[in-house]
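model_18.txt follows (compact mmCIF, C-alpha atoms):
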# COMPACT_ATOMS: atom_id res chain seq x y z
CA MET A 1 92.39 155.85 43.85
CA ASP A 2 96.11 155.38 43.23
CA HIS A 3 95.75 153.60 39.91
CA ASP A 4 96.90 155.41 36.76
CA PRO A 5 93.70 156.16 34.82
CA GLY A 6 95.52 155.61 31.54
CA ARG A 7 96.19 151.99 32.44
CA ARG A 8 93.83 149.09 32.82
CA PRO A 9 93.27 148.27 36.53
CA PRO A 10 95.13 145.10 37.52
CA CYS A 11 93.72 141.76 38.62
CA VAL A 12 95.77 140.86 41.69
CA VAL A 13 95.86 137.60 43.64
CA VAL A 14 97.39 137.92 47.10
CA ILE A 15 98.83 134.49 47.93
CA GLY A 16 100.44 132.78 50.90
CA VAL A 17 99.75 130.52 53.84
CA SER A 18 96.74 131.01 56.09
CA GLY A 19 97.35 133.67 58.74
CA VAL A 20 99.95 135.65 56.78
CA GLY A 21 97.54 138.57 56.33
CA LYS A 22 96.20 137.99 52.82
CA THR A 23 92.66 139.24 53.45
CA THR A 24 93.65 142.33 55.43
CA VAL A 25 96.25 143.35 52.85
CA ALA A 26 94.02 142.49 49.87
CA ARG A 27 91.13 144.60 51.21
CA LEU A 28 93.43 147.59 51.71
CA LEU A 29 95.02 147.07 48.29
CA ALA A 30 91.63 146.92 46.56
CA ARG A 31 90.60 150.12 48.32
CA ARG A 32 93.83 151.88 47.30
CA LEU A 33 93.47 150.72 43.68
CA GLY A 34 89.74 151.49 43.61
CA VAL A 35 88.91 148.01 42.32
CA PRO A 36 86.48 145.25 43.40
CA PHE A 37 87.44 142.83 46.19
CA ALA A 38 86.38 139.21 46.59
CA GLU A 39 87.20 136.86 49.47
CA ALA A 40 88.42 133.52 48.08
CA ASP A 41 87.21 131.72 51.20
CA ASP A 42 83.64 132.57 50.10
CA PHE A 43 84.15 130.39 47.00
CA HIS A 44 84.77 127.21 49.08
CA SER A 45 82.09 124.55 49.19
CA PRO A 46 80.50 123.82 52.59
CA GLU A 47 82.17 120.40 52.47
CA SER A 48 85.62 121.94 52.08
CA VAL A 49 85.01 124.38 54.93
CA ALA A 50 83.93 121.46 57.14
CA LYS A 51 87.10 119.52 56.27
CA MET A 52 89.39 122.44 57.04
CA SER A 53 87.49 123.24 60.26
CA ALA A 54 88.17 119.65 61.34
CA GLY A 55 91.89 120.12 60.63
CA VAL A 56 91.84 118.01 57.44
CA PRO A 57 93.87 119.47 54.55
CA LEU A 58 92.06 119.78 51.24
CA THR A 59 92.94 117.52 48.34
CA ASP A 60 93.56 118.80 44.82
CA ALA A 61 90.12 117.43 43.91
CA ASP A 62 88.59 119.60 46.66
CA ARG A 63 90.40 122.66 45.32
CA GLY A 64 89.51 122.26 41.64
CA ALA A 65 86.03 123.80 41.60
CA TRP A 66 87.13 126.46 44.10
CA LEU A 67 90.05 127.61 41.94
CA GLU A 68 87.90 127.58 38.81
CA ALA A 69 85.30 129.79 40.53
CA ILE A 70 87.97 132.28 41.61
CA GLY A 71 89.39 132.19 38.08
CA ARG A 72 85.95 133.01 36.64
CA TRP A 73 85.68 135.98 39.01
CA LEU A 74 89.09 137.25 37.90
CA ARG A 75 88.24 136.73 34.21
CA GLU A 76 85.00 138.69 34.64
CA ARG A 77 86.91 141.58 36.25
CA GLU A 78 89.51 141.49 33.47
CA ARG A 79 86.88 141.46 30.71
CA ALA A 80 84.96 144.29 32.36
CA ALA A 81 88.27 146.21 32.72
CA THR A 82 87.47 146.87 36.38
CA GLY A 83 90.44 145.01 37.82
CA GLY A 84 90.05 143.25 41.14
CA VAL A 85 91.87 141.87 44.16
CA VAL A 86 91.37 138.46 45.74
CA PRO A 87 93.28 136.84 48.60
CA CYS A 88 93.81 133.16 47.78
CA SER A 89 96.33 130.70 49.22
CA ALA A 90 97.30 129.41 45.72
CA LEU A 91 100.21 127.61 47.35
CA ARG A 92 101.27 125.54 44.34
CA ARG A 93 102.23 126.59 40.85
CA ARG A 94 99.56 124.36 39.34
CA TYR A 95 96.89 126.15 41.40
CA ARG A 96 98.13 129.50 40.15
CA ASP A 97 98.15 128.04 36.63
CA VAL A 98 94.38 127.43 36.95
CA LEU A 99 93.88 131.07 37.89
CA ARG A 100 96.25 132.24 35.14
CA ALA A 101 94.40 130.12 32.55
CA ALA A 102 91.23 132.06 33.40
CA CYS A 103 92.96 135.45 33.73
CA PRO A 104 96.30 135.45 31.86
CA ASP A 105 97.28 138.91 33.13
CA ALA A 106 96.75 138.05 36.81
CA PHE A 107 99.46 139.46 39.05
CA PHE A 108 100.45 137.33 42.06
CA VAL A 109 101.69 138.90 45.30
CA HIS A 110 103.22 136.30 47.63
CA LEU A 111 103.04 137.52 51.22
CA THR A 112 105.85 136.04 53.29
CA ALA A 113 106.45 135.96 57.04
CA ARG A 114 108.33 133.88 59.59
CA HIS A 115 106.58 130.72 60.84
CA GLU A 116 106.41 132.10 64.40
CA GLU A 117 104.77 135.33 63.22
CA VAL A 118 102.13 133.51 61.17
CA GLY A 119 101.42 131.11 64.05
CA ARG A 120 100.97 134.03 66.44
CA ARG A 121 98.56 135.74 64.04
CA MET A 122 96.55 132.54 63.62
CA SER A 123 96.31 132.13 67.41
CA GLU A 124 95.05 135.69 67.83
CA ARG A 125 92.28 135.65 65.24
CA SER A 126 88.78 134.42 65.92
CA GLY A 127 85.95 133.19 63.75
CA HIS A 128 88.13 131.66 61.03
CA PHE A 129 87.74 128.03 59.98
CA MET A 130 91.46 127.36 59.38
CA PRO A 131 93.08 125.94 62.52
CA ARG A 132 96.71 126.64 63.38
CA ALA A 133 97.39 122.89 63.11
CA LEU A 134 97.24 123.17 59.30
CA LEU A 135 100.02 125.80 59.13
CA GLU A 136 102.79 123.18 58.83
CA SER A 137 100.84 121.42 56.06
CA GLN A 138 100.46 124.70 54.17
CA GLU A 139 104.13 125.60 54.58
CA ALA A 140 105.14 122.16 53.28
CA THR A 141 102.83 122.59 50.27
CA LEU A 142 103.98 126.14 49.43
CA GLU A 143 105.81 126.58 46.12
CA PRO A 144 107.15 130.15 45.87
CA LEU A 145 106.56 132.09 42.66
CA GLU A 146 108.81 130.87 39.85
CA ALA A 147 110.39 132.54 36.85
CA GLY A 148 107.68 133.23 34.31
CA GLU A 149 104.99 133.94 36.91
CA ARG A 150 103.88 137.59 36.94
CA GLY A 151 104.31 138.90 40.45
CA GLY A 152 106.65 139.00 43.37
CA ALA A 153 107.12 138.38 47.07
CA VAL A 154 106.47 140.99 49.74
CA ASP A 155 107.32 140.77 53.44
CA ALA A 156 104.07 140.71 55.43
CA GLY A 157 105.84 141.59 58.70
CA PRO A 158 105.32 145.39 58.65
CA ALA A 159 101.96 147.09 59.23
CA PRO A 160 99.38 146.31 56.50
CA ALA A 161 99.52 149.86 55.10
CA VAL A 162 103.29 149.51 54.64
CA VAL A 163 102.81 146.13 52.95
CA VAL A 164 100.29 147.69 50.55
CA GLU A 165 102.77 150.45 49.67
CA ALA A 166 105.35 147.77 48.83
CA ILE A 167 102.80 145.99 46.62
CA LEU A 168 101.91 149.23 44.83
CA GLY A 169 105.61 149.73 44.14
CA LEU A 170 105.90 146.20 42.80
CA LEU A 171 102.86 146.73 40.54
CA ALA A 172 104.29 150.01 39.25
CA GLU A 173 107.64 148.35 38.45
CA THR A 174 105.88 145.55 36.59
CA GLN A 175 103.63 147.91 34.64
CA ASP A 176 106.68 149.90 33.60
CA ASP A 177 108.38 146.71 32.39
CA THR A 178 107.09 146.27 28.85
CA ASN A 179 108.51 142.76 28.72
CA GLY A 180 106.47 141.61 31.74
CA LEU A 181 107.84 139.18 34.26
Turn this file's structure into structure tokens for me.
Amino acid sequence: MDHDPGRRPPCVVVIGVSGVGKTTVARLLARRLGVPFAEADDFHSPESVAKMSAGVPLTDADRGAWLEAIGRWLRERERAATGGVVPCSALRRRYRDVLRAACPDAFFVHLTARHEEVGRRMSERSGHFMPRALLESQEATLEPLEAGERGGAVDAGPAPAVVVEAILGLLAETQDDTNGL
């Protein structure tokens, strides 16, 4: 475990468009931090999964219960002082606000990559409900982290282990900053 035992383990949300590597990086990050991991996709309703599988973008109404469920998971990890990591698209500020309302200390890591790289990754994966056709919709929806949101952006281009090291550095910088972000 790389987490400082004198500090409370963080609750981290790894955000970005589908195919950027959120789940792979989040699993590795949770392992490195020694904290629980949850897959945000598991919180989707069967109806939402069916819509996305058919290439239909979700509406904000579709996302509401999903974001609230992820927020509850984060809040439970924060209250139990176990920390936790969850990959979640959270493309808009208002979606992150729902998660932040449930877990005010949530730290958001925005994984970024070039459109071509994400498209290639989506084409190479199997067994995932999100079709490549929705990538443009997700990129159009994406609102990068803004001032006042705890977190930062990390390039998802390097190997996942290298990306995790960059995230650990970002977390350490933020924990050392007594004023927060």
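When the distance limit is 6 Å and all atoms listed in the file are what count, the residues near region 15-31 of chain A, minus those fewer than 2 positions from it on the same chain, are Leu33, Gly34, Val35, Phe37, Val85, Pro87, Cys88, Ser89, Ala90, Val109, His110, Leu111, Val118, Arg121, Met122, Gln138, Pro160 and Val164 of chain A.
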| query | What gap, in Å, lies between CA of Ile70 (chain A) and CA of Val154 (chain A)? | reply |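 Pair CA of Ile70 (chain A) / CA of Val154 (chain A) returns 22.0 Å.
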| request: Go ahead and compute the interatomic distance for CA of Val49 (chain A) and CA of Ala69 (chain A), in Å to one decimal. | output: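 The value is 15.4 Å.
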Ala38 (chain A) environment, 7 Å, all atoms listed in the file, sequence neighbours closer than 2 positions dropped, as a PDB file with C-alpha atoms, in the coordinates of the input:
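So around-v5.pdb came out as:
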ATOM      1  CA  PRO A  36      86.480 145.250  43.400  1.00  0.00           C
ATOM      2  CA  ALA A  40      88.420 133.520  48.080  1.00  0.00           C
ATOM      3  CA  VAL A  85      91.870 141.870  44.160  1.00  0.00           C
ATOM      4  CA  VAL A  86      91.370 138.460  45.740  1.00  0.00           C
TER       5      VAL A  86
END
| said: Using all atoms listed in the file for the distances, tell me which of A:Val163, A:Arg96, A:Glu76, A:Leu171 is nearest to Glu149 (chain A). | reply: A:Arg96
| Excluding same-chain residues fewer than 4 positions from Leu67 (chain A), what lies within 12 Å of it counting all atoms listed in the file, as a ChimeraX atom specification? | /A:13,40-45,60-63,71-74,86-92,94-103
| A:Cys11, A:Arg150, A:Ala161, A:Asp155 ranked by distance to Ala80 (chain A), top pick (using only C-alpha atoms) |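 Of the candidates, the smallest distance to Ala80 (chain A) is held by A:Cys11.
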Report, as AutoDock Vina command-line options, the centre and edge lengths in Å (one decimal) of the axis-aligned box enclosing every listed atom of region 166-174 of chain A, padded by 3 Å on each side.
--center_x 104.8 --center_y 147.8 --center_z 42.7 --size_x 11.7 --size_y 10.5 --size_z 18.2
| request: Give me the residues within 6 Å of Phe108 (chain A) as a PyMOL selection string, counting all atoms listed in the file and dropping any in the same chain fewer than 2 places off. | output: chain A and resi 12-14+151
